[in-house]
Structure formats: structure tokens, C-alpha cells
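Participant: Below: one structure in C-alpha cells.
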Protein chains: 2
Amino acid sequence: MEIDNVIQSAVFVSDKAELLDRIQKKGSLRIKVGFDPTQPDLHLGHTVLMQKMRQLQDMGHHIILLIGDFTARIGDPTGRNILRPSLTKEQVDSAAKTYQEQAFKVLDRDKTEVRFNSEWLDKLTAQKLVELTSKYTVSRLLERNDFAARFAANKPISMHEFLYPLFQGFDSVMLDADLEMGGSDQLFNLMVGRDLMTRYSKPAQSIVTFPLLEGTNAKLDGDGKVVGEKMSKSLGNHIAITASPREMFQQLMLLDDGVIWRFMSLLSNLTIVEQKDLQEKLSSGEASIVQIKEQFAQEIVTRFHSATLANEVLVERRAISQGSFPSDAPQVQLTGSNMIGKVLFLANLASSGAEGSRLVKGGAVTLNGAQEKNDKLVLSTGIFEVRVGNKNKKFARITIV
Amino acid sequence: MEIDNVIQSAVFVSDKAELLDRIQKKGSLRIKVGFDPTQPDLHLGHTVLMQKMRQLQDMGHHIILLIGDFTARIGDPTGRNILRPSLTKEQVDSAAKTYQEQAFKVLDRDKTEVRFNSEWLDKLTAQKLVELTSKYTVSRLLERNDFAARFAANKPISMHEFLYPLFQGFDSVMLDADLEMGGSDQLFNLMVGRDLMTRYSKPAQSIVTFPLLEGTNAKLDGDGKVVGEKMSKSLGNHIAITASPREMFQQLMLLDDGVIWRFMSLLSNLTIVEQKDLQEKLSSGEASIVQIKEQFAQEIVTRFHSATLANEVLVERRAISQGSFPSDAPQVQLTGSNMIGKVLFLANLASSGAEGSRLVKGGAVTLNGAQEKNDKLVLSTGIFEVRVGNKNKKFARITIV
């Protein structure tokens, strides 16, 4: 794979000519990617960068996974009055371990150098730290977007927040990084590292940043641009990498048809050319959007689970789309007879009895394999396999006693 | 002596009621005064604060002389690209020693606790330093006048400059200071110390700042206000505390008549009442300004030399004002005959031969005890005792061979 395929979706590359020249001269680059061990639960958004790292590993480059345990232990009491170490050493170590377990689903464990920045930052004396701070100006730190906005709005910026970019930069100095990669929100910090290396009389690292992946609810706007909030656990629009093969496959299939190309460009191992081929096949009618989504979902589920499991899910999905009832549908037990709308409500398939009735009348409900449009139907003792909806299907195996 | 006499000339007192309450409750206060050991050569301007410290010692308070050796060793490479430690450990120690020798001409050596901030700052880990910086905001640091001006003018402020006020404040935390005193230019740093103590859950130090003494060329403006640049060695308007008794006495006598009260309020041990008495005696004609200046000069020369030497100088001055030639006048040897104006120039008593002639014609020159107004006079082989000027007299014993 060529470097162009890795950086195709980059937001920013600090001097591509410099980067290519470096690769030509050194062959294998030392590539630093830092992560914050306070949030070890990964979702697909976190793996954009990891996939790029894996591609570079496969090209023979040396990946350094830098765990910011020093800064995590100090914590970030922004705007608070009392310094509150966010995590103890044990908590950080545990989070770092979880993180690595998940990261090595993408990265090649044997080719990854894992480092902790406490290795040098714990030993940094006040005198050395003053030396570090003397190499950077207040104005340049205030140029950072969020700092500038807070300063303009008279919102407090604690002095120690200014130290974090310098610490991150110092990590690059200590690691002799040739290239640092990060999310596009990290650009400023990466640039500080580039500057600091020069100040420490070292070759300045190249920088590549990647977009932050949007969430599962992203859409295309009128101009064909992907819009939507970033994937985030707290927003509930994420796909956890620990999701089951079925869940993960399903979430990927439910993505907006237009958005699938964005996810593909950030997550897939397909080259630029291969992705273009797929787009042409869709245009010419040679492939359907469902087939393309299935291929992509299979690639991702294979990555985090296995090809076998990915294939099983695909086979099951196709059977279901031809009417078969899923073996793992939720089991619901109810007591007493009720009209079908109320039953849907009680089984969490509708938000109210009235909505249940509407769904039945609208033809969205399949009862034991056959469409059921009579909303006056009363269900009594028995077992009922119920499917609701067409695209975003819900299933339940309801037992009434 | 009452505290009012000490703080009479203060520029700023952080809550006088709080300070008085502290004195009442604790009796003896822990008073911190920091100094920068990079400039050990003291002049009278530096002793304003020391005199206040001595007065407080005599009142029974505990004076801590804090030597900022840590910061001095780190140096202040403001606006420079390369960190340049301004002083080595040996240089700092040597400067600190010289400083103490001079300071103990004013302070009571046995009642002074000398501390070095390297004691705790050398041991400060990066983690503890980050904790320290977390307790202060960027905005508050930018409020400091010189920082604000530089920021507004887009002049670089190196990040480490922001650390110095925090270090100074941390010194107060470590010393449990009840009161910190300093020059008026130190107010901001002292306030940082006060704030930080609260953040470290300690009682906040009181703060008293004193004016910076003007130089020997200060004058009164139309409103009776003292104007002139601060006393400074580099401006040449200073009175060194190592000046000889005669030099020091002479420089004090040459101060502007109106300015003498300013110097007295900052340097004298006279109480407010005693100083007012002197002003009344001058108004009523009971004392002349010369007598008042002599009394003040004697007090200061006694402080830095001895009462005996101060008295000897006074006696000699009075003899000279009645015509006697000073025994220590500079000896000048010249070759060949010249007109008197040229001789004055060659003996450094005039800036040119022409100015020498003017001085003679104007009656400003005394030759061997008699006024000489003939500028055509030629001086040949012999010894000539020459005095030039009236108030700011110059003398030379000229030998022409």
C-alpha cells in the first residue's frame, strides 16, 4: 500500500514533500501516536487513526503508541478551584491495559512499541520544566482555538493547561519522532511538538491529522457533504468495538446510504482506486447500495471479530430479509389477552398502544410470518413471533400466558 | 517604634486592619522579603526596604531574607531564542554572600533568618509544579502591567516568565509568611503569593510595598511633587552604600533642597513626628536647610560607616566652607606653562579651555585661597591649589613642572 492511500483522508499534512523525502531517506519512520488513558472504551471513531497506524505498520514503519499516563494522573481540573487528580496510578495502568487490549484488535502487537510518558516526565525537575517553558511563548499558546475563545470570553484558563501542549511536544523530543499523527482536534498540540523539536535542535516531526468520524446519525446535506455530530459514547451515536457481530453489522447497515462512503474512506482498507471502483459499480447498476454496505460491514466485523462470524451474520440477515425469524430475538412473556396494538406496546415494539395500532393498520407488522393489518385483533394465550418495521426492524418472540 | 512609622511611606498595604489584628494576635510576625542575587552592589535605593526591615526587627518581628538562588540560576532569557542560565551556582552563592555583607550594614545579623528558595524549588517535581500552576489562571498573570503591555504590543512573553510569579508565591507558601514586603514594582508578584497561600489552605500573607527611591538628580515639580528617574547604577544617579564617608555625605548634601524630605521619609529612622518637627523648624527659621541636610547626611553616613567618620566629614566640610583646602583633593601634574583656562581644562576642572576662561571671568575660581578673575593669567612651574564652583565644588592640587 502506498502512503497516498494512508493519507488520502487526512485533514492536514505538514509538508507532504518533506514527508515523502523522509520516507525515501529513512525507509522506516518512527511514528508517534499519543492517547489519553482516561477513556479506554473504544468506538469506531477511535479506530480511524489506528487503522492508519496499522496500514503504516504493514508498510514497514515503526509505530510508537504513547500512553499519556503522567498527564492522566495529574488530571485536568479546568475551571475548578481544587486540583483533583482524575486518576490514580492503578486506575491509569488499568485503563491503559484495557486500551491496549482493544487497540491490538487493529494494531500489530508485535510491531508496536508501547511507551508511557511518565518515563521522562516523572523525572523532569522544576528547573528542566522551566527550561521547557522558556522555549514557547504565551501568545502562541493563546492562538489555540479553544484557548483564544475562552480568553476572549473571559473564561478562566488555568496556567497548567498551558503546560499540556508543552508536555506533549516534549514527548516528541524524547521519542525522536519522525511523524506524529492525531485527530484533527490535536493539530495545535502536534505543531507545538514540531516547533519544540527545532528548539531542542532536533529534526522537526512531520504531522498528519485525520478527521473525527461522525456518528451513526450522520446525513448528507444538500451539497452532498456529511453533516452530524462526532461519534461519541455520551451522544449515543457510537458503534462500540466491543459490540456483538450482529449489533455492529446492523449499525453499519443502518448508516445513511450517502454516509457509507465517508465511513469507508476513514475505516476501510480499500485503496482509493478500489473505493472509486465501487462507486462506479453503484452508478452503473452493477452493484446495489445494500451489497456495498454489506461488503463494508463484513470488512469491519471481520476486523473486530472474525471472517467466520461476519459471514454468519450476513447469511442470517439475508434469511431474515426473506422472512425467517431471527433465533436470538428477545423473548417477552405477557399475562392475559390484549389487543395487538397494546401487545406491541407491552413488548417494547411500540411507544404506546395507539402507536401499536397505527403500525398494524399501516402494514408494518408481521405476525408468525404473515402481515397482520387488523388492529382490532386480540391476542390470547400462545406464542407469537412478531416483526415490526421494514428497514430498521424490531423482533420479539412473545409468550402470552 | 510603632508600625505606623514603618508603613508611613508605604505605597500599598493590603488591609491595614488585618495587619494590625495579626500583630495583636501573634506579637511577632514572620516577615518575608525576597531579593534577586544577580545584582549584589547596593545603593541607597535598595536600603529603603532594608531600613523598614531593621525597624521591624527592632520591634521584635522575625525577618526572613529570602535569596532567590533557584530563579537566578535558571536565568531570564526573555525574548531570546536560547536558554542561557544567567549565573552558575558559584556565581549566585558569591553574589548572595556579597549581598548579605552589605545588607547586614542595615539588618541585625543575629535576628535575620536567611533562606534560599532552591531548598524547596530544586526538589519540586514536574507533577508538583503542574499542581502549582493549576492554582492560577493565565488571565490573572496577563493582568500584570508589563505582561499586558507586551501582549498588547505583540511582543513575546516566554511561558517560563509566567512561572516566576508563581515560584515567588510558592516561596511564601513554604515560609508561612505573615507579611511580605517589597518595592512597589513587586506588588503583582506579592499578590500572587497572597492568592496562592489561600489556594494552599494557608492564611494569606499581608502585603506592604514601598516606593522606589529617586536618584540624586531628582527635583520638585511645580506642585511640590518629587520627579526624577529611580536611583540606578546604570543611570549614574545613585549613592553606593560602599561610597566613602566623604563621597556619601557630599552626595546627600547636593540633593535638591525640596527632595531631602522624600529621602528622609524613606531612609531615616526619625519618626513621623520628628520629621514634622524639623519641617516646622525650617519654616520658623529655627533651623536652616543646610543644618537639616547635615543632620540627615550624618545619620546615613553613621549607618554605613560610623558616627566618628560622619563627624569627621562634617567638621572638614565646615572648615572647607570657611576657605580651607581639602586634604584629599586630587593631585594633578602638568608640564609647561598655560593660560589658567587651559590649565583648568587639563586638570579636568572644566570641559574645555574656553569654559575654563569663562569660569575664571565669572568669579567661580579660587587660586591658592584667593578669587582669581583674570582669564589671561599664565600659570608656570609651581604648585597651585584650585577650587572651582560654589555649591558643587571641585578641587585640585595642580603641580606644573
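For the C-alpha cells, the naming scheme is as follows: chains receive sequential letters (A, B, ...) according to their order of presentation, residues are indexed from 1 within each chain, and ligands are indexed from 1 in presentation order.
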When you get a sec, could you note down which chain A residues fall within 7 Å of chain B, using only C-alpha atoms, as a list of chain:residue names?
Facilitator: A:Ile74, A:Leu83, A:Leu121, A:Asp122, A:Leu124, A:Thr125, A:Ala126, A:Gln127, A:Leu129, A:Val130, A:Glu131, A:Thr133, A:Ser134, A:Lys135, A:Tyr136, A:Thr137, A:Val138, A:Ser139, A:Pro156, A:Ile157, A:Ser158, A:Met159, A:His160
Participant: Could you tell me how far atom CA of Glu280 of chain B lies from atom CA of Met264 of chain B, in Å and to one decimal?
Facilitator: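 Atom CA of Glu280 of chain B sits 14.9 Å away from atom CA of Met264 of chain B.
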Participant: Within 12 Å of Gly369 of chain A, counting only C-alpha atoms, which residues show up once you throw out same-chain ones fewer than 3 positions away? Write them as JSON, numbers by chain, please.
Facilitator: {"A": [320, 321, 322, 323, 324, 325, 326, 365, 366, 372, 384, 385, 386, 387, 388, 395, 397]}
Participant: Okay, now the selection with N, CA and C atoms, as a compact mmCIF listing (two decimals), in the first residue's frame?
Facilitator:
# COMPACT_ATOMS: atom_id res chain seq x y z
N ILE A 320 -33.32 -13.55 7.07
CA ILE A 320 -34.37 -12.74 7.70
C ILE A 320 -35.06 -11.88 6.67
N SER A 321 -34.28 -11.30 5.76
CA SER A 321 -34.88 -10.43 4.76
C SER A 321 -35.82 -11.23 3.85
N GLN A 322 -35.58 -12.56 3.82
CA GLN A 322 -36.51 -13.40 3.06
C GLN A 322 -37.59 -13.98 3.97
N GLY A 323 -37.71 -13.47 5.20
CA GLY A 323 -38.85 -13.84 6.04
C GLY A 323 -38.53 -14.67 7.25
N SER A 324 -37.35 -15.22 7.37
CA SER A 324 -37.07 -16.09 8.52
C SER A 324 -36.97 -15.26 9.80
N PHE A 325 -37.31 -15.89 10.87
CA PHE A 325 -37.33 -15.18 12.14
C PHE A 325 -36.00 -15.41 12.87
N PRO A 326 -35.38 -14.32 13.38
CA PRO A 326 -34.05 -14.49 13.98
C PRO A 326 -34.08 -15.34 15.25
N VAL A 365 -46.50 -4.59 10.49
CA VAL A 365 -46.36 -5.68 11.47
C VAL A 365 -46.57 -7.05 10.82
N THR A 366 -45.63 -7.95 11.11
CA THR A 366 -45.75 -9.32 10.62
C THR A 366 -45.95 -10.23 11.83
N GLU A 372 -50.05 -8.60 9.25
CA GLU A 372 -51.31 -8.53 10.00
C GLU A 372 -51.74 -7.06 10.03
N PHE A 384 -46.15 -15.94 19.89
CA PHE A 384 -46.28 -15.12 18.69
C PHE A 384 -44.90 -14.56 18.29
N GLU A 385 -44.50 -14.87 17.04
CA GLU A 385 -43.28 -14.26 16.52
C GLU A 385 -43.68 -12.98 15.79
N VAL A 386 -43.21 -11.86 16.31
CA VAL A 386 -43.66 -10.56 15.80
C VAL A 386 -42.48 -9.78 15.22
N ARG A 387 -42.67 -9.21 14.03
CA ARG A 387 -41.67 -8.32 13.45
C ARG A 387 -42.36 -6.99 13.19
N VAL A 388 -41.66 -5.91 13.53
CA VAL A 388 -42.21 -4.57 13.30
C VAL A 388 -41.22 -3.78 12.46
N PHE A 395 -37.76 -7.17 16.47
CA PHE A 395 -38.34 -8.51 16.59
C PHE A 395 -38.67 -8.78 18.06
N ARG A 397 -40.22 -12.48 20.37
CA ARG A 397 -40.96 -13.74 20.47
C ARG A 397 -41.80 -13.62 21.75
Participant: When you draw a straight line from atom CA of Val48 of chain A to atom CA of Glu119 of chain A, how long is it in Å?
Facilitator: 27.3 Å
Participant: Skip segment 359-361 of chain A itself and residues of its chain fewer than 3 positions away, then list as a ChimeraX atom specification all residues within 8 Å of it, counting only C-alpha atoms.
Facilitator: /A:340-341,355-356,364-365,372-375,388
Participant: Restricting the output to all heavy atoms, write the selected residues as a compact mmCIF listing (two decimals), in the first residue's frame.
Facilitator:
# COMPACT_ATOMS: atom_id res chain seq x y z
N ILE A 340 -53.85 -6.27 19.72
CA ILE A 340 -52.49 -6.39 19.17
C ILE A 340 -51.64 -5.13 19.40
O ILE A 340 -50.45 -5.21 19.73
CB ILE A 340 -52.54 -6.78 17.66
CG1 ILE A 340 -51.10 -7.03 17.14
CG2 ILE A 340 -53.28 -5.74 16.83
CD1 ILE A 340 -51.06 -7.73 15.80
N GLY A 341 -52.26 -3.92 19.29
CA GLY A 341 -51.51 -2.67 19.49
C GLY A 341 -50.93 -2.60 20.89
O GLY A 341 -49.78 -2.22 21.10
N GLU A 355 -49.86 3.83 19.07
CA GLU A 355 -48.85 3.73 18.01
C GLU A 355 -48.82 2.29 17.47
O GLU A 355 -48.68 2.07 16.27
CB GLU A 355 -47.46 4.13 18.50
CG GLU A 355 -46.51 4.43 17.32
CD GLU A 355 -45.07 4.02 17.56
OE1 GLU A 355 -44.75 3.55 18.68
OE2 GLU A 355 -44.26 4.11 16.63
N GLY A 356 -48.96 1.32 18.40
CA GLY A 356 -49.02 -0.09 18.00
C GLY A 356 -50.13 -0.32 16.98
O GLY A 356 -49.94 -0.95 15.94
N ALA A 364 -47.07 -2.47 8.93
CA ALA A 364 -45.67 -2.62 9.32
C ALA A 364 -45.44 -3.85 10.19
O ALA A 364 -44.31 -4.12 10.58
CB ALA A 364 -45.21 -1.36 10.06
N VAL A 365 -46.50 -4.59 10.49
CA VAL A 365 -46.36 -5.68 11.47
C VAL A 365 -46.57 -7.05 10.82
O VAL A 365 -47.52 -7.26 10.06
CB VAL A 365 -47.38 -5.49 12.62
CG1 VAL A 365 -47.31 -6.66 13.61
CG2 VAL A 365 -47.09 -4.15 13.34
N GLU A 372 -50.05 -8.60 9.25
CA GLU A 372 -51.31 -8.53 10.00
C GLU A 372 -51.74 -7.06 10.03
O GLU A 372 -51.07 -6.23 10.61
CB GLU A 372 -51.09 -9.05 11.44
CG GLU A 372 -52.33 -8.97 12.32
CD GLU A 372 -53.51 -9.69 11.69
OE1 GLU A 372 -53.41 -10.93 11.53
OE2 GLU A 372 -54.53 -9.02 11.32
N LYS A 373 -52.91 -6.75 9.35
CA LYS A 373 -53.34 -5.36 9.27
C LYS A 373 -54.58 -5.07 10.12
O LYS A 373 -55.05 -3.94 10.17
CB LYS A 373 -53.62 -4.98 7.80
CG LYS A 373 -52.34 -5.04 6.95
CD LYS A 373 -52.56 -4.59 5.53
CE LYS A 373 -52.52 -3.07 5.40
NZ LYS A 373 -52.41 -2.62 4.00
N ASN A 374 -55.08 -6.06 10.83
CA ASN A 374 -56.27 -5.86 11.65
C ASN A 374 -55.89 -5.44 13.06
O ASN A 374 -55.45 -6.25 13.88
CB ASN A 374 -57.09 -7.16 11.69
CG ASN A 374 -58.27 -7.03 12.66
OD1 ASN A 374 -58.66 -5.92 13.04
ND2 ASN A 374 -58.82 -8.17 13.05
N ASP A 375 -56.09 -4.15 13.37
CA ASP A 375 -55.66 -3.64 14.68
C ASP A 375 -56.65 -3.97 15.78
O ASP A 375 -56.42 -3.64 16.92
CB ASP A 375 -55.39 -2.13 14.60
CG ASP A 375 -56.67 -1.33 14.44
OD1 ASP A 375 -57.57 -1.84 13.74
OD2 ASP A 375 -56.77 -0.23 15.01
N VAL A 388 -41.66 -5.91 13.53
CA VAL A 388 -42.21 -4.57 13.30
C VAL A 388 -41.22 -3.78 12.46
O VAL A 388 -40.02 -3.81 12.72
CB VAL A 388 -42.48 -3.84 14.63
CG1 VAL A 388 -42.95 -2.41 14.36
CG2 VAL A 388 -43.52 -4.59 15.45
Participant: Please compute the atom CA of Gly193 of chain B-atom CA of Asn269 of chain B distance, one decimal, in Å.
Facilitator: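 According to the coordinates, atom CA of Gly193 of chain B and atom CA of Asn269 of chain B are separated by 29.2 Å.
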Participant: Run DSSP on the backbone and tell me which residues of segment 85-191 of chain B come out as strand (DSSP E); list them as a list in words.
Facilitator: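 So the strand (DSSP E) residues in segment 85-191 of chain B would be Thr112, Glu113, Val114, Arg115, Phe116, Leu179, Glu180, Met181, Gly182 and Gly183 of chain B.
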Participant: If you run DSSP over the backbone, which residues in segment 45-203 of chain B end up alpha helix (DSSP H)? Put them as a ChimeraX atom specification.
Facilitator: /B:45-58,69-74,89-103,118-121,126-133,138-142,145-152,163-175,187-199
Participant: For segment 24-41 of chain A, list every protein, DNA or RNA residue within 8 Å, evaluated using only C-alpha atoms, and leave out those in the same chain fewer than 6 positions away; present the list as a VMD selection string.
Facilitator: chain A and resid 60 to 69 72 87 92 95 to 96 98 to 99 172 175 to 182 240
Participant: Limited to N, CA and C atoms, could you put the picked residues into a file as a PDB file, in the first residue's frame?
Facilitator:
ATOM      1  N   GLY A  60       5.858  -1.243   6.907  1.00  0.00           N
ATOM      2  CA  GLY A  60       7.204  -1.365   7.474  1.00  0.00           C
ATOM      3  C   GLY A  60       7.635  -0.231   8.391  1.00  0.00           C
ATOM      4  N   HIS A  61       6.709   0.683   8.699  1.00  0.00           N
ATOM      5  CA  HIS A  61       7.080   1.776   9.599  1.00  0.00           C
ATOM      6  C   HIS A  61       6.956   1.352  11.061  1.00  0.00           C
ATOM      7  N   HIS A  62       7.674   2.124  11.921  1.00  0.00           N
ATOM      8  CA  HIS A  62       7.736   1.782  13.337  1.00  0.00           C
ATOM      9  C   HIS A  62       6.734   2.633  14.124  1.00  0.00           C
ATOM     10  N   ILE A  63       5.749   1.976  14.700  1.00  0.00           N
ATOM     11  CA  ILE A  63       4.690   2.701  15.408  1.00  0.00           C
ATOM     12  C   ILE A  63       4.977   2.726  16.916  1.00  0.00           C
ATOM     13  N   ILE A  64       4.950   3.960  17.482  1.00  0.00           N
ATOM     14  CA  ILE A  64       5.104   4.115  18.930  1.00  0.00           C
ATOM     15  C   ILE A  64       3.761   4.572  19.490  1.00  0.00           C
ATOM     16  N   LEU A  65       3.169   3.724  20.305  1.00  0.00           N
ATOM     17  CA  LEU A  65       1.904   4.064  20.950  1.00  0.00           C
ATOM     18  C   LEU A  65       2.256   4.696  22.286  1.00  0.00           C
ATOM     19  N   LEU A  66       2.058   6.000  22.385  1.00  0.00           N
ATOM     20  CA  LEU A  66       2.470   6.710  23.591  1.00  0.00           C
ATOM     21  C   LEU A  66       1.284   6.875  24.530  1.00  0.00           C
ATOM     22  N   ILE A  67       1.421   6.331  25.712  1.00  0.00           N
ATOM     23  CA  ILE A  67       0.336   6.413  26.690  1.00  0.00           C
ATOM     24  C   ILE A  67       0.632   7.562  27.648  1.00  0.00           C
ATOM     25  N   GLY A  68      -0.245   8.568  27.659  1.00  0.00           N
ATOM     26  CA  GLY A  68      -0.023   9.766  28.471  1.00  0.00           C
ATOM     27  C   GLY A  68      -0.426   9.542  29.916  1.00  0.00           C
ATOM     28  N   ASP A  69       0.279   8.653  30.569  1.00  0.00           N
ATOM     29  CA  ASP A  69      -0.112   8.324  31.951  1.00  0.00           C
ATOM     30  C   ASP A  69       0.234   9.444  32.918  1.00  0.00           C
ATOM     31  N   ALA A  72      -2.500  12.021  32.653  1.00  0.00           N
ATOM     32  CA  ALA A  72      -3.764  11.469  33.137  1.00  0.00           C
ATOM     33  C   ALA A  72      -3.789  11.434  34.669  1.00  0.00           C
ATOM     34  N   LEU A  87      -7.158  10.460  38.083  1.00  0.00           N
ATOM     35  CA  LEU A  87      -6.980   9.018  38.186  1.00  0.00           C
ATOM     36  C   LEU A  87      -5.739   8.697  39.015  1.00  0.00           C
ATOM     37  N   VAL A  92      -4.949   4.439  36.064  1.00  0.00           N
ATOM     38  CA  VAL A  92      -4.352   4.720  34.757  1.00  0.00           C
ATOM     39  C   VAL A  92      -3.800   3.437  34.157  1.00  0.00           C
ATOM     40  N   ALA A  95      -6.626   1.337  32.919  1.00  0.00           N
ATOM     41  CA  ALA A  95      -7.219   1.882  31.698  1.00  0.00           C
ATOM     42  C   ALA A  95      -6.292   1.657  30.509  1.00  0.00           C
ATOM     43  N   ALA A  96      -4.984   1.825  30.748  1.00  0.00           N
ATOM     44  CA  ALA A  96      -4.015   1.637  29.669  1.00  0.00           C
ATOM     45  C   ALA A  96      -4.042   0.187  29.189  1.00  0.00           C
ATOM     46  N   THR A  98      -6.648  -1.965  29.353  1.00  0.00           N
ATOM     47  CA  THR A  98      -7.880  -2.144  28.582  1.00  0.00           C
ATOM     48  C   THR A  98      -7.743  -1.551  27.189  1.00  0.00           C
ATOM     49  N   TYR A  99      -7.175  -0.357  27.168  1.00  0.00           N
ATOM     50  CA  TYR A  99      -7.000   0.329  25.892  1.00  0.00           C
ATOM     51  C   TYR A  99      -6.169  -0.509  24.932  1.00  0.00           C
ATOM     52  N   SER A 172       7.534  14.201  22.024  1.00  0.00           N
ATOM     53  CA  SER A 172       8.095  14.035  20.674  1.00  0.00           C
ATOM     54  C   SER A 172       9.605  14.212  20.689  1.00  0.00           C
ATOM     55  N   LEU A 175      11.113  11.109  22.099  1.00  0.00           N
ATOM     56  CA  LEU A 175      10.943   9.915  21.258  1.00  0.00           C
ATOM     57  C   LEU A 175      11.606  10.037  19.891  1.00  0.00           C
ATOM     58  N   ASP A 176      12.174  11.215  19.597  1.00  0.00           N
ATOM     59  CA  ASP A 176      12.749  11.446  18.264  1.00  0.00           C
ATOM     60  C   ASP A 176      11.772  11.034  17.162  1.00  0.00           C
ATOM     61  N   ALA A 177      10.548  11.504  17.291  1.00  0.00           N
ATOM     62  CA  ALA A 177       9.526  11.136  16.307  1.00  0.00           C
ATOM     63  C   ALA A 177       9.839  11.749  14.942  1.00  0.00           C
ATOM     64  N   ASP A 178       9.663  10.953  13.882  1.00  0.00           N
ATOM     65  CA  ASP A 178       9.755  11.476  12.520  1.00  0.00           C
ATOM     66  C   ASP A 178       8.403  12.027  12.084  1.00  0.00           C
ATOM     67  N   LEU A 179       7.358  11.400  12.619  1.00  0.00           N
ATOM     68  CA  LEU A 179       5.994  11.758  12.217  1.00  0.00           C
ATOM     69  C   LEU A 179       5.092  11.577  13.427  1.00  0.00           C
ATOM     70  N   GLU A 180       4.220  12.557  13.646  1.00  0.00           N
ATOM     71  CA  GLU A 180       3.195  12.361  14.662  1.00  0.00           C
ATOM     72  C   GLU A 180       1.845  12.464  13.970  1.00  0.00           C
ATOM     73  N   MET A 181       0.960  11.546  14.320  1.00  0.00           N
ATOM     74  CA  MET A 181      -0.384  11.557  13.756  1.00  0.00           C
ATOM     75  C   MET A 181      -1.388  11.742  14.894  1.00  0.00           C
ATOM     76  N   GLY A 182      -2.526  12.339  14.546  1.00  0.00           N
ATOM     77  CA  GLY A 182      -3.549  12.538  15.562  1.00  0.00           C
ATOM     78  C   GLY A 182      -4.859  12.950  14.916  1.00  0.00           C
ATOM     79  N   ALA A 240     -19.648   0.699  19.325  1.00  0.00           N
ATOM     80  CA  ALA A 240     -18.566   0.231  20.197  1.00  0.00           C
ATOM     81  C   ALA A 240     -17.815  -0.901  19.513  1.00  0.00           C
TER      82      ALA A 240
END
